[in-house]
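Novice: Data: data_18.cif, mmCIF, C-alpha atoms, pLDDT in the B column; chains and numbers go by the auth columns.
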```cif
data_start
#
loop_
_atom_site.group_PDB
_atom_site.id
_atom_site.type_symbol
_atom_site.label_atom_id
_atom_site.label_comp_id
_atom_site.label_asym_id
_atom_site.label_seq_id
_atom_site.Cartn_x
_atom_site.Cartn_y
_atom_site.Cartn_z
_atom_site.B_iso_or_equiv
_atom_site.auth_seq_id
_atom_site.auth_asym_id
ATOM 1 C CA SER A 1 5.288 -17.291 6.108 54.00 168 A
ATOM 2 C CA GLN A 2 2.792 -16.650 3.334 63.00 169 A
ATOM 3 C CA ASN A 3 3.204 -18.029 -0.138 76.00 170 A
ATOM 4 C CA PRO A 4 3.155 -14.942 -2.400 80.00 171 A
ATOM 5 C CA ASP A 5 1.567 -16.969 -5.213 86.00 172 A
ATOM 6 C CA LYS A 6 -1.481 -17.646 -3.017 88.00 173 A
ATOM 7 C CA ILE A 7 -1.757 -13.945 -2.174 88.00 174 A
ATOM 8 C CA LEU A 8 -1.504 -12.993 -5.850 90.00 175 A
ATOM 9 C CA ASP A 9 -4.102 -15.641 -6.757 91.00 176 A
ATOM 10 C CA SER A 10 -6.473 -14.206 -4.139 90.00 177 A
ATOM 11 C CA ILE A 11 -5.973 -10.677 -5.497 90.00 178 A
ATOM 12 C CA ARG A 12 -6.612 -11.862 -9.064 90.00 179 A
ATOM 13 C CA ILE A 13 -9.808 -13.714 -8.075 92.00 180 A
ATOM 14 C CA LEU A 14 -11.081 -10.671 -6.183 90.00 181 A
ATOM 15 C CA MET A 15 -10.292 -8.273 -9.014 89.00 182 A
ATOM 16 C CA GLU A 16 -11.963 -10.517 -11.597 89.00 183 A
ATOM 17 C CA SER A 17 -15.137 -10.759 -9.518 89.00 184 A
ATOM 18 C CA ASP A 18 -18.000 -8.287 -9.340 85.00 185 A
ATOM 19 C CA VAL A 19 -17.409 -7.879 -5.621 88.00 186 A
ATOM 20 C CA PRO A 20 -16.578 -4.281 -4.640 90.00 187 A
ATOM 21 C CA HIS A 21 -13.049 -4.289 -3.268 91.00 188 A
ATOM 22 C CA GLU A 22 -10.278 -2.136 -1.921 94.00 189 A
ATOM 23 C CA LEU A 23 -6.623 -3.091 -1.674 96.00 190 A
ATOM 24 C CA ARG A 24 -4.437 -1.258 0.841 96.00 191 A
ATOM 25 C CA THR A 25 -0.806 -0.623 1.619 97.00 192 A
ATOM 26 C CA THR A 26 0.318 0.844 4.931 94.00 193 A
ATOM 27 C CA CYS A 27 3.106 3.273 4.079 96.00 194 A
ATOM 28 C CA VAL A 28 6.007 3.035 6.498 92.00 195 A
ATOM 29 C CA LYS A 29 9.651 3.826 5.835 91.00 196 A
ATOM 30 C CA PRO A 30 11.986 2.128 4.964 89.00 197 A
ATOM 31 C CA PHE A 31 9.814 -0.829 3.913 92.00 198 A
ATOM 32 C CA VAL A 32 7.450 0.933 1.511 96.00 199 A
ATOM 33 C CA THR A 33 9.316 2.984 -1.086 96.00 200 A
ATOM 34 C CA GLU A 34 8.421 4.597 -4.389 97.00 201 A
ATOM 35 C CA THR A 35 9.722 1.478 -6.142 97.00 202 A
ATOM 36 C CA VAL A 36 7.553 -0.774 -3.968 97.00 203 A
ATOM 37 C CA ILE A 37 4.426 1.298 -4.674 98.00 204 A
ATOM 38 C CA GLU A 38 5.108 1.215 -8.426 97.00 205 A
ATOM 39 C CA LYS A 39 5.568 -2.572 -8.347 96.00 206 A
ATOM 40 C CA ILE A 40 2.405 -3.117 -6.303 96.00 207 A
ATOM 41 C CA ALA A 41 0.387 -0.809 -8.562 97.00 208 A
ATOM 42 C CA LYS A 42 1.504 -2.702 -11.662 96.00 209 A
ATOM 43 C CA ILE A 43 0.628 -6.036 -10.042 94.00 210 A
ATOM 44 C CA ILE A 44 -2.856 -4.795 -9.097 95.00 211 A
ATOM 45 C CA ALA A 45 -3.417 -2.859 -12.343 95.00 212 A
ATOM 46 C CA GLY A 46 -7.133 -2.256 -12.817 93.00 213 A
ATOM 47 C CA CYS A 47 -7.963 -2.533 -9.118 94.00 214 A
ATOM 48 C CA ARG A 48 -11.169 -0.666 -8.254 93.00 215 A
ATOM 49 C CA ARG A 49 -9.706 1.169 -5.259 96.00 216 A
ATOM 50 C CA TYR A 50 -6.150 1.225 -3.955 97.00 217 A
ATOM 51 C CA THR A 51 -5.666 2.940 -0.611 98.00 218 A
ATOM 52 C CA LEU A 52 -2.376 4.202 0.742 98.00 219 A
ATOM 53 C CA GLN A 53 -2.650 4.235 4.511 96.00 220 A
ATOM 54 C CA ALA A 54 -0.512 6.491 6.644 91.00 221 A
ATOM 55 C CA PHE A 55 1.364 4.586 9.327 87.00 222 A
ATOM 56 C CA HIS A 56 0.420 5.539 12.908 78.00 223 A
ATOM 57 C CA GLU A 57 3.200 5.150 15.420 69.00 224 A
ATOM 58 C CA SER A 58 0.736 4.774 18.290 68.00 225 A
ATOM 59 C CA GLU A 59 -0.030 1.282 16.969 65.00 226 A
ATOM 60 C CA VAL A 60 3.562 -0.031 17.046 66.00 227 A
ATOM 61 C CA LEU A 61 4.023 -3.186 19.089 70.00 228 A
ATOM 62 C CA HIS A 62 7.783 -2.646 19.484 73.00 229 A
ATOM 63 C CA PRO A 63 8.444 1.129 19.382 69.00 230 A
ATOM 64 C CA ASP A 64 12.172 0.563 19.964 76.00 231 A
ATOM 65 C CA PHE A 65 12.365 -0.910 16.446 71.00 232 A
ATOM 66 C CA PHE A 66 11.926 2.576 14.981 70.00 233 A
ATOM 67 C CA ALA A 67 13.954 4.504 17.559 74.00 234 A
ATOM 68 C CA GLY A 68 15.892 7.297 15.912 72.00 235 A
ATOM 69 C CA GLN A 69 14.480 6.605 12.440 78.00 236 A
ATOM 70 C CA ASN A 70 12.267 8.699 10.194 81.00 237 A
ATOM 71 C CA PHE A 71 9.531 6.165 9.442 85.00 238 A
ATOM 72 C CA LEU A 72 6.495 8.392 8.841 89.00 239 A
ATOM 73 C CA TYR A 73 5.535 9.707 5.422 94.00 240 A
ATOM 74 C CA SER A 74 4.511 13.354 5.180 94.00 241 A
ATOM 75 C CA ARG A 75 1.305 14.289 3.353 95.00 242 A
ATOM 76 C CA LYS A 76 3.432 15.590 0.462 97.00 243 A
ATOM 77 C CA GLU A 77 5.321 12.280 0.247 97.00 244 A
ATOM 78 C CA LEU A 78 2.057 10.304 0.330 97.00 245 A
ATOM 79 C CA LEU A 79 0.711 12.436 -2.519 98.00 246 A
ATOM 80 C CA LYS A 80 3.828 11.555 -4.531 98.00 247 A
ATOM 81 C CA LEU A 81 3.252 7.829 -3.886 98.00 248 A
ATOM 82 C CA LYS A 82 -0.391 8.293 -4.892 98.00 249 A
ATOM 83 C CA ALA A 83 0.673 9.906 -8.172 98.00 250 A
ATOM 84 C CA LEU A 84 2.842 6.862 -8.912 98.00 251 A
ATOM 85 C CA ALA A 85 -0.037 4.441 -8.347 98.00 252 A
ATOM 86 C CA GLU A 86 -2.885 6.385 -9.989 98.00 253 A
ATOM 87 C CA PRO A 87 -2.125 5.479 -13.617 98.00 254 A
ATOM 88 C CA TRP A 88 -2.477 1.774 -12.794 97.00 255 A
ATOM 89 C CA VAL A 89 -5.685 1.644 -10.746 96.00 256 A
ATOM 90 C CA GLN A 90 -9.240 2.921 -11.144 95.00 257 A
ATOM 91 C CA GLU A 91 -9.066 4.993 -7.967 97.00 258 A
ATOM 92 C CA CYS A 92 -6.240 5.713 -5.528 98.00 259 A
ATOM 93 C CA ILE A 93 -6.862 7.425 -2.202 98.00 260 A
ATOM 94 C CA ILE A 94 -4.885 8.312 0.893 97.00 261 A
ATOM 95 C CA ARG A 95 -6.295 7.464 4.277 94.00 262 A
#
```
Show this structure as structure tokens.
Specialist:
Amino acid sequence: SQNPDKILDSIRILMESDVPHELRTTCVKPFVTETVIEKIAKIIAGCRRYTLQAFHESEVLHPDFFAGQNFLYSRKELLKLKALAEPWVQECIIR
């Protein structure tokens, strides 16, 4: 497992550099919620570009994991997540 402090250190170093960067979150229910997006956005405040990626079920290694669950975000829901993150970052996009 990853040490979150090392991940946060890497993000800080990247954000403090002059290197163009983009940080991304793949949005999949129930793991990524409005609360999660708000927390991430506050942690990466000032980030040059934050991208919210739609989850694509064709790329699931174990499709049975999501059987019977609503795990995809609609465009409208992604726009709501984007609105939560936008005040904290320089640019927020949906991909």
Novice: Go through the shown structure with the PyMOL selection byres ((chain A and resi 209-214) around 6) and write out the matching residues as a ChimeraX atom specification.
Specialist: /A:206-208,215-216,255-257
Novice: Kindly export the residues of the current selection with C-alpha atoms, as an mmCIF file, in the frame of the given file.
Specialist:
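Here's the written file out38.cif:
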```cif
data_model
loop_
_atom_site.group_PDB
_atom_site.id
_atom_site.type_symbol
_atom_site.label_atom_id
_atom_site.label_comp_id
_atom_site.auth_asym_id
_atom_site.auth_seq_id
_atom_site.Cartn_x
_atom_site.Cartn_y
_atom_site.Cartn_z
ATOM 1 C CA LYS A 206 5.568 -2.572 -8.347
ATOM 2 C CA ILE A 207 2.405 -3.117 -6.303
ATOM 3 C CA ALA A 208 0.387 -0.809 -8.562
ATOM 4 C CA ARG A 215 -11.169 -0.666 -8.254
ATOM 5 C CA ARG A 216 -9.706 1.169 -5.259
ATOM 6 C CA TRP A 255 -2.477 1.774 -12.794
ATOM 7 C CA VAL A 256 -5.685 1.644 -10.746
ATOM 8 C CA GLN A 257 -9.240 2.921 -11.144
#
```
Novice: For atom CA of A:Tyr240 and atom CA of A:Glu201, determine how far apart the two atoms are, in Å to one decimal place.
Specialist: 11.4 Å
Novice: Expand the PyMOL selection byres ((chain A and resi 200) around 12) into the individual residues it matches in the shown file, reporting them as an MDAnalysis selection string.
Specialist: chainID A and resid 192:199 201:207 219 238:240 244:245 247:249 251:252
Novice: Could you tell me how far atom CA of A:Gln220 sits from atom CA of A:Arg191, in Å to one decimal place?
Specialist: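 We find that atom CA of A:Arg191 and atom CA of A:Gln220 lie 6.8 Å from each other.
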Novice: Tell me which of A:Asn170, A:Tyr217, A:Cys259, A:Asn237 sits closest to A:Met182, counting all atoms listed in the file.
Specialist: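 Ranked by minimum distance to A:Met182, first place goes to A:Tyr217.
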Novice: Expressed in Å to a single decimal, how great is the separation between atom CA of A:Ala221 and atom CA of A:His188?
Specialist: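 A separation of 19.3 Å between them.
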Novice: Starting from 4 Å padding per side, set up an axis-aligned box that covers all listed atoms of stretch 199-212 of chain A and hand over centre and edge lengths in Å, one decimal, as JSON.
Specialist:
```
{"center_x": 3.2, "center_y": -0.7, "center_z": -5.4, "size_x": 21.1, "size_y": 18.6, "size_z": 21.9}
```
Novice: Go through A:Phe232, A:Ile261, A:His223, A:Ile180 one by one, measure the shortest atom-to-atom distance of each to A:Leu246 using all atoms listed in the file, and give the residue with the smallest value.
Specialist: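 Result for the nearest residue to A:Leu246: A:Ile261.
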Novice: Would you please work out which residue, of A:Gln236, A:His229, A:Lys243, A:Glu189, is nearest to A:Glu258 when using all atoms listed in the file?
Specialist: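 Of A:Gln236, A:His229, A:Lys243, A:Glu189, the one nearest A:Glu258 is A:Glu189, counting all atoms listed in the file.
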